[in-house]
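Data block below; observations after.
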2 protein chains.
Amino acid sequence: MLYPSAMADDRSAGRITLAQVAAEAGVSLSTVSKVLNGRPDVSAPTRVRVEELLDEHGYRRSAPTPPEAPLLEIVFHELDSIWSMQLIRGVQNIARRNGVSVVLTETGTRHSPGADWVEGVLRRRPLGVVLVFSTLPDELKKKLWSRAIPFVIVDPAGDPEPDVPSVGSANWAGGLAATRHLLDLGHRRIAVITGPEDMLCSLARLDGFRSALGMAGIAPDPALVRYGDFHVASGREHALDLLRGPDRPTAVFAGSDLQALGVLEAARVLGLQVPEDLSVVGYDDIPPAQWSSPALTTVNQPLERMAEEAAQMLLRLRGDRGAGRAEPRQDDRAEGAGPETRIELGTRLVVRDSTRAPKEPAGR
Amino acid sequence: MLYPSAMADDRSAGRITLAQVAAEAGVSLSTVSKVLNGRPDVSAPTRVRVEELLDEHGYRRSAPTPPEAPLLEIVFHELDSIWSMQLIRGVQNIARRNGVSVVLTETGTRHSPGADWVEGVLRRRPLGVVLVFSTLPDELKKKLWSRAIPFVIVDPAGDPEPDVPSVGSANWAGGLAATRHLLDLGHRRIAVITGPEDMLCSLARLDGFRSALGMAGIAPDPALVRYGDFHVASGREHALDLLRGPDRPTAVFAGSDLQALGVLEAARVLGLQVPEDLSVVGYDDIPPAQWSSPALTTVNQPLERMAEEAAQMLLRLRGDRGAGRAEPRQDDRAEGAGPETRIELGTRLVVRDSTRAPKEPAGR
C-alpha cells in the first residue's frame, strides 16, 4: 500500500513537539517547519541549530503526505557510467507499475551526494530515494530519517553502510564462476585484471578467482594478477603487458566488460585471435558485451533487477510507516516492522564467443 | 528568467473565463480547474467536454506558478536505446545549472507518449517537457498548449512536426562527410547500410552518400545499397551478404555505430582484417564506438548537445510567457516572442582506426 501517511500514528514523532523545538531554538514554529520542508528562506545558523535539536531529540516525522504526483528519486554521482542506464530502467519499471514518476539527479562525488541536493529532496517529498553511492554523510542520513523519507543504496561496488538498507550482487561468486569456466575449458595459465584495490567488489572478484584456482590445485602466479580501474584503457594496457611476456597466459578474466574490450584491442594489436589464441571473460554483461567482436563471455550482474529491488524496498519501507532505517528503533521492533538491511542478488556466467579450449595441451 | 508567471498577463487566456467554460459545460468551476490540473476525480465524459470547450475557445492559461522544487521532464519511448543516456545527460546539465530537477518517463510507442502520462504532467506542472518522439497526437499538443507547458522535440530521426519546436542534427552532411572520407582514402567500391526506409534520417544519410559519390564521378552500384534497422544484427547480416559476393566492396558506410559493430563481426567471421582488408565508418559516435576493436571511425551526432539545446529552448520559451508553440499566435507575434521552430546541430567526422587506404589500387 502506497500512502499510509494519513493513518500513520505519531508515536515516534511525539517525543518532542515542533513547538518545543521552536521554543528551545528561540525561533517561530513556522521557521522550524521551513527547515523540515527544505525551504530556502532560513539563515544557515538557524537551520543548523534546528537540525541539531531535531537530531538530539530524535524527532521523527510521520510519513509526509506525498504530493499528488508521487515521485521516486534516483541519485548518481556519475551519469557517464555505462551502469546508469540499467539502474534507471530498473527504478523506472517499478515506478511505472505503481503510477509514480522518477526524478533523476547527478550530484556530488563518488562517495556521497552534494549538499544542495538534500534540500531539494525535502521540498519534493518523494516516496523514497535510491542512492547509487557507497557511503553517505551522517548529516544527510539524519535529515532523511527525521523527515521519514526512506532511502536505499544500490551498491555495485559492494561496500555499503551497515545502517542503511542496500542492494548488491554476489561478486565473489561471480569471480569464482568466471574462473571455473576457464578451468573447465582446460586453461591453466590464467591472468586476472580486477578493479581498483580500494573497492570491495574488486577484491571479492579477485578472491573468487583465487579460490577457483586453489580448488583446482593451481597456485596463482602473482605476475598474472593486475589491478585496473574498470575502464577500457586499463584493460588494454595490462593485457599488452601480460601478452607480450615470454610465458603468456592463454586466458584473461578481465574483471569488467570494459576492461575485456581493452583486452580484445590488445589482442588485435598483437595479432592474436580471440578465442583461438586467447580466451577472455568479462564482468557485468552490459549491452556492449553482446555487440563486441567476438561477443563476450561474461558474468551477468543484474543491475536492472538490483534497481528494481531497491525501488521495491522503498515502497515496502514506505508501507512500514515511512521508516527507511535499517536498524529498527525500539518501537519499530515492537511492531515487527524491521526492514531488510542487505540483499545480494545472484550473478551468473553467460557464455558467448570469446572463450574456448586453449590450443596447447593444459599444463604445458 | 525562470519564473515570470506572477507577472504574466492574462490577455491570451482572457478570451474566455473558466467560469464561462464551466457554465457552458454545465459543471462547477472547481471541476474545470480539476481538468486543467490533471486531477483524477473527474468523469471521462466531463473531462472530454471541458477539453473540447477549452480548445474551441482557444483558452490559454498564463504560465502556471511552478512548484517550489521546479522540474524539467524528459520523455522517451524506449530507454533501451543507447542514445538515451546522452540525451538524459544533456537535459541534466541544463537542469543542474538552473537548480531544476529532471523527471524521466518511458511511455507510449515510438511515435507518441501514452495517454496516462499527460495527466501526470498536468499535475506536476514542470517548467517544460523534452520529448524524444517524432510525432505527437493533436490531443496531447492541445492539452500542453492550453496549460502553457512548453515542449520541445529532440528528434534524432529527423522527421519533426512542423508546428512544434524541435532539435535535430545534420544527417545529410554526416552521410556526405563519411563517404568523402572513404573516397579521399582511395576507396571506389563503397557499400552503404542505412537505416529503415521510412525514417528521414536514413534517407538523408543515404542521399549524402550518393551525392559524395556523384561529386566524385562514381555511379552508385544498387547492389551495394542496403536498408537496415540501425541495430547490430542487421549490420552483420547485410555485411555477410555484401562481403561474400564476388566483387566485394573495400569499404562500408554503416549508417549507425551499432550496424558498424555488426560489420566488424561479419569481417571477423569471414577472416577479414579491419582496416587492412575492409574499412568501416559508423554513425552516431556513441561510447561503444571508442571501445570497439578497432576503434570506429564515425560521424559524431551531438546527442548530449541536442538535449542541452532542447532544455535551453524550454527555459527560453518559459521566459517568453510560457509559450511552447512554434507557430506564434497573433498576439505573441505582436510582442515579437515567436520562438525558433527548428535547430539542426552540426555533425562531424571522427577518424579512428577502422579506416585506411584500400590494398588494391583504386578502380581495379
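Every chain in the C-alpha cells has a letter given in the order shown (A, B, ...), and although residue numbers restart at 1 in each chain, ligands are simply numbered from 1 in the order shown.
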
Can you list every residue of chain A that has an atom at most 7 Å from chain B, with its nearest atom pair and the distance in Å to one decimal, using only C-alpha atoms, ordered by chain then number, as JSON lines?
```
{"residue": "A:Glu68", "atom": "CA", "partner": "B:Arg123", "partner_atom": "CA", "distance": 7.0}
{"residue": "A:Ala69", "atom": "CA", "partner": "B:Arg124", "partner_atom": "CA", "distance": 5.9}
{"residue": "A:Leu79", "atom": "CA", "partner": "B:Arg89", "partner_atom": "CA", "distance": 6.8}
{"residue": "A:Met85", "atom": "CA", "partner": "B:Met85", "partner_atom": "CA", "distance": 6.3}
{"residue": "A:Arg89", "atom": "CA", "partner": "B:Leu79", "partner_atom": "CA", "distance": 6.8}
{"residue": "A:Ser101", "atom": "CA", "partner": "B:Thr105", "partner_atom": "CA", "distance": 6.7}
{"residue": "A:Val102", "atom": "CA", "partner": "B:Leu104", "partner_atom": "CA", "distance": 5.4}
{"residue": "A:Val103", "atom": "CA", "partner": "B:Val103", "partner_atom": "CA", "distance": 4.3}
{"residue": "A:Leu104", "atom": "CA", "partner": "B:Val102", "partner_atom": "CA", "distance": 5.4}
{"residue": "A:Thr105", "atom": "CA", "partner": "B:Ser101", "partner_atom": "CA", "distance": 6.6}
{"residue": "A:Gly120", "atom": "CA", "partner": "B:Ala69", "partner_atom": "CA", "distance": 6.3}
{"residue": "A:Arg123", "atom": "CA", "partner": "B:Ala69", "partner_atom": "CA", "distance": 6.0}
{"residue": "A:Arg124", "atom": "CA", "partner": "B:Ala69", "partner_atom": "CA", "distance": 5.9}
{"residue": "A:Val232", "atom": "CA", "partner": "B:Trp291", "partner_atom": "CA", "distance": 6.7}
{"residue": "A:Leu261", "atom": "CA", "partner": "B:Trp291", "partner_atom": "CA", "distance": 6.4}
{"residue": "A:Leu264", "atom": "CA", "partner": "B:Ser293", "partner_atom": "CA", "distance": 6.6}
{"residue": "A:Glu265", "atom": "CA", "partner": "B:Ser293", "partner_atom": "CA", "distance": 5.0}
{"residue": "A:Pro288", "atom": "CA", "partner": "B:Pro288", "partner_atom": "CA", "distance": 6.5}
{"residue": "A:Trp291", "atom": "CA", "partner": "B:Leu261", "partner_atom": "CA", "distance": 6.4}
{"residue": "A:Ser292", "atom": "CA", "partner": "B:Ser292", "partner_atom": "CA", "distance": 6.6}
{"residue": "A:Ser293", "atom": "CA", "partner": "B:Glu265", "partner_atom": "CA", "distance": 5.0}
{"residue": "A:Pro294", "atom": "CA", "partner": "B:Glu265", "partner_atom": "CA", "distance": 6.6}
```

Report summary line: As a check of understanding: the span from atom CA of Phe209 of chain B to atom CA of Ala173 of chain B is 9.0 Å

Requested in this report: Apply DSSP to the structure's backbone, then extract all residues of segment 173-242 of chain A labelled alpha helix (DSSP H) and return them as number ranges by chain.
Outcome: A: 173-184, 200-215, 232-242

Residues just named, written with N, CA, C and O atoms as a compact mmCIF listing (two decimals), in the first residue's frame:
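Writing the result to again11.txt gives the following:
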```txt
# COMPACT_ATOMS: atom_id res chain seq x y z
N ALA A 173 31.12 -14.87 -5.88
CA ALA A 173 30.60 -15.99 -6.67
C ALA A 173 30.80 -15.75 -8.16
O ALA A 173 31.05 -16.69 -8.93
N GLY A 174 30.70 -14.48 -8.59
CA GLY A 174 30.92 -14.15 -9.99
C GLY A 174 32.35 -14.42 -10.42
O GLY A 174 32.60 -15.00 -11.49
N GLY A 175 33.30 -14.02 -9.58
CA GLY A 175 34.71 -14.26 -9.89
C GLY A 175 35.01 -15.76 -9.94
O GLY A 175 35.77 -16.24 -10.79
N LEU A 176 34.38 -16.49 -9.03
CA LEU A 176 34.55 -17.94 -8.99
C LEU A 176 34.01 -18.58 -10.28
O LEU A 176 34.69 -19.41 -10.90
N ALA A 177 32.82 -18.17 -10.69
CA ALA A 177 32.18 -18.78 -11.87
C ALA A 177 32.98 -18.50 -13.14
O ALA A 177 33.16 -19.39 -13.99
N ALA A 178 33.47 -17.27 -13.27
CA ALA A 178 34.26 -16.90 -14.45
C ALA A 178 35.50 -17.78 -14.55
O ALA A 178 35.85 -18.29 -15.63
N THR A 179 36.18 -17.95 -13.42
CA THR A 179 37.44 -18.68 -13.42
C THR A 179 37.21 -20.18 -13.62
O THR A 179 37.96 -20.85 -14.34
N ARG A 180 36.17 -20.70 -12.98
CA ARG A 180 35.86 -22.13 -13.17
C ARG A 180 35.57 -22.44 -14.63
O ARG A 180 35.95 -23.50 -15.13
N HIS A 181 34.88 -21.52 -15.31
CA HIS A 181 34.58 -21.72 -16.72
C HIS A 181 35.87 -21.89 -17.52
O HIS A 181 36.01 -22.81 -18.34
N LEU A 182 36.86 -21.04 -17.23
CA LEU A 182 38.14 -21.12 -17.94
C LEU A 182 38.88 -22.41 -17.58
O LEU A 182 39.48 -23.06 -18.45
N LEU A 183 38.83 -22.78 -16.30
CA LEU A 183 39.47 -24.03 -15.88
C LEU A 183 38.82 -25.23 -16.56
O LEU A 183 39.50 -26.15 -17.04
N ASP A 184 37.49 -25.21 -16.62
CA ASP A 184 36.77 -26.32 -17.25
C ASP A 184 37.14 -26.48 -18.73
O ASP A 184 37.11 -27.58 -19.27
N LEU A 200 35.66 -2.96 -2.63
CA LEU A 200 35.41 -4.32 -2.17
C LEU A 200 35.01 -5.25 -3.30
O LEU A 200 35.35 -6.43 -3.29
N CYS A 201 34.27 -4.73 -4.29
CA CYS A 201 33.85 -5.62 -5.38
C CYS A 201 35.06 -6.15 -6.13
O CYS A 201 35.06 -7.31 -6.56
N SER A 202 36.11 -5.34 -6.29
CA SER A 202 37.33 -5.81 -6.95
C SER A 202 37.96 -6.95 -6.16
O SER A 202 38.41 -7.94 -6.74
N LEU A 203 38.02 -6.74 -4.85
CA LEU A 203 38.67 -7.75 -4.00
C LEU A 203 37.86 -9.03 -3.98
O LEU A 203 38.41 -10.13 -4.03
N ALA A 204 36.54 -8.89 -3.94
CA ALA A 204 35.69 -10.09 -3.89
C ALA A 204 35.83 -10.90 -5.18
O ALA A 204 35.92 -12.13 -5.14
N ARG A 205 35.86 -10.21 -6.33
CA ARG A 205 36.00 -10.94 -7.60
C ARG A 205 37.36 -11.62 -7.68
O ARG A 205 37.48 -12.75 -8.15
N LEU A 206 38.39 -10.92 -7.20
CA LEU A 206 39.74 -11.49 -7.20
C LEU A 206 39.82 -12.70 -6.27
O LEU A 206 40.42 -13.72 -6.62
N ASP A 207 39.18 -12.60 -5.11
CA ASP A 207 39.20 -13.74 -4.19
C ASP A 207 38.45 -14.94 -4.77
O ASP A 207 38.86 -16.09 -4.57
N GLY A 208 37.37 -14.67 -5.50
CA GLY A 208 36.66 -15.76 -6.18
C GLY A 208 37.58 -16.44 -7.20
O GLY A 208 37.61 -17.67 -7.30
N PHE A 209 38.32 -15.63 -7.94
CA PHE A 209 39.31 -16.14 -8.90
C PHE A 209 40.33 -17.04 -8.20
O PHE A 209 40.60 -18.17 -8.62
N ARG A 210 40.88 -16.53 -7.09
CA ARG A 210 41.92 -17.29 -6.38
C ARG A 210 41.38 -18.60 -5.82
O ARG A 210 42.05 -19.63 -5.85
N SER A 211 40.14 -18.54 -5.29
CA SER A 211 39.58 -19.75 -4.72
C SER A 211 39.34 -20.80 -5.79
O SER A 211 39.55 -22.00 -5.55
N ALA A 212 38.90 -20.37 -6.97
CA ALA A 212 38.68 -21.33 -8.05
C ALA A 212 40.00 -22.00 -8.44
O ALA A 212 40.06 -23.23 -8.59
N LEU A 213 41.05 -21.20 -8.57
CA LEU A 213 42.37 -21.78 -8.88
C LEU A 213 42.81 -22.73 -7.78
O LEU A 213 43.28 -23.85 -8.04
N GLY A 214 42.64 -22.26 -6.53
CA GLY A 214 43.05 -23.09 -5.40
C GLY A 214 42.34 -24.43 -5.40
O GLY A 214 42.97 -25.48 -5.20
N MET A 215 41.03 -24.41 -5.65
CA MET A 215 40.28 -25.66 -5.67
C MET A 215 40.74 -26.58 -6.79
O MET A 215 40.56 -27.79 -6.73
N VAL A 232 38.28 0.80 -20.21
CA VAL A 232 38.85 0.12 -21.37
C VAL A 232 40.37 0.22 -21.39
O VAL A 232 41.07 -0.78 -21.57
N ALA A 233 40.89 1.44 -21.20
CA ALA A 233 42.33 1.66 -21.38
C ALA A 233 43.14 0.81 -20.41
O ALA A 233 44.20 0.29 -20.77
N SER A 234 42.65 0.65 -19.18
CA SER A 234 43.45 -0.13 -18.23
C SER A 234 43.44 -1.61 -18.61
O SER A 234 44.44 -2.31 -18.41
N GLY A 235 42.35 -2.09 -19.19
CA GLY A 235 42.34 -3.46 -19.70
C GLY A 235 43.36 -3.64 -20.82
O GLY A 235 44.10 -4.62 -20.87
N ARG A 236 43.40 -2.65 -21.72
CA ARG A 236 44.32 -2.73 -22.86
C ARG A 236 45.77 -2.71 -22.39
O ARG A 236 46.58 -3.55 -22.80
N GLU A 237 46.09 -1.77 -21.49
CA GLU A 237 47.49 -1.64 -21.06
C GLU A 237 47.98 -2.88 -20.33
O GLU A 237 49.06 -3.40 -20.60
N HIS A 238 47.17 -3.35 -19.37
CA HIS A 238 47.59 -4.55 -18.65
C HIS A 238 47.71 -5.75 -19.59
O HIS A 238 48.63 -6.56 -19.46
N ALA A 239 46.77 -5.86 -20.54
CA ALA A 239 46.81 -7.01 -21.45
C ALA A 239 48.03 -6.94 -22.36
O ALA A 239 48.68 -7.96 -22.62
N LEU A 240 48.37 -5.74 -22.85
CA LEU A 240 49.56 -5.61 -23.69
C LEU A 240 50.78 -6.11 -22.93
O LEU A 240 51.62 -6.85 -23.47
N ASP A 241 50.84 -5.72 -21.67
CA ASP A 241 51.97 -6.13 -20.85
C ASP A 241 51.96 -7.65 -20.61
O ASP A 241 52.99 -8.32 -20.76
N LEU A 242 50.80 -8.18 -20.27
CA LEU A 242 50.69 -9.62 -19.98
C LEU A 242 50.99 -10.46 -21.22
O LEU A 242 51.62 -11.53 -21.13
```

Report task. Give me every strand (DSSP E or B) residue in segment 104-332 of chain A, going by DSSP on the backbone, as a ChimeraX atom specification. Result -> /A:104-106,128-132,151-154,166-169,190-194,225-227,251-253,279-281,284,297-300

Query raised in the report: Contacts of Thr250 of chain A at 9 Å or less, counting only C-alpha atoms, minus same-chain residues fewer than 3 places along, as a ChimeraX atom specification?
Result: /A:187-191,243,277-280,358-360
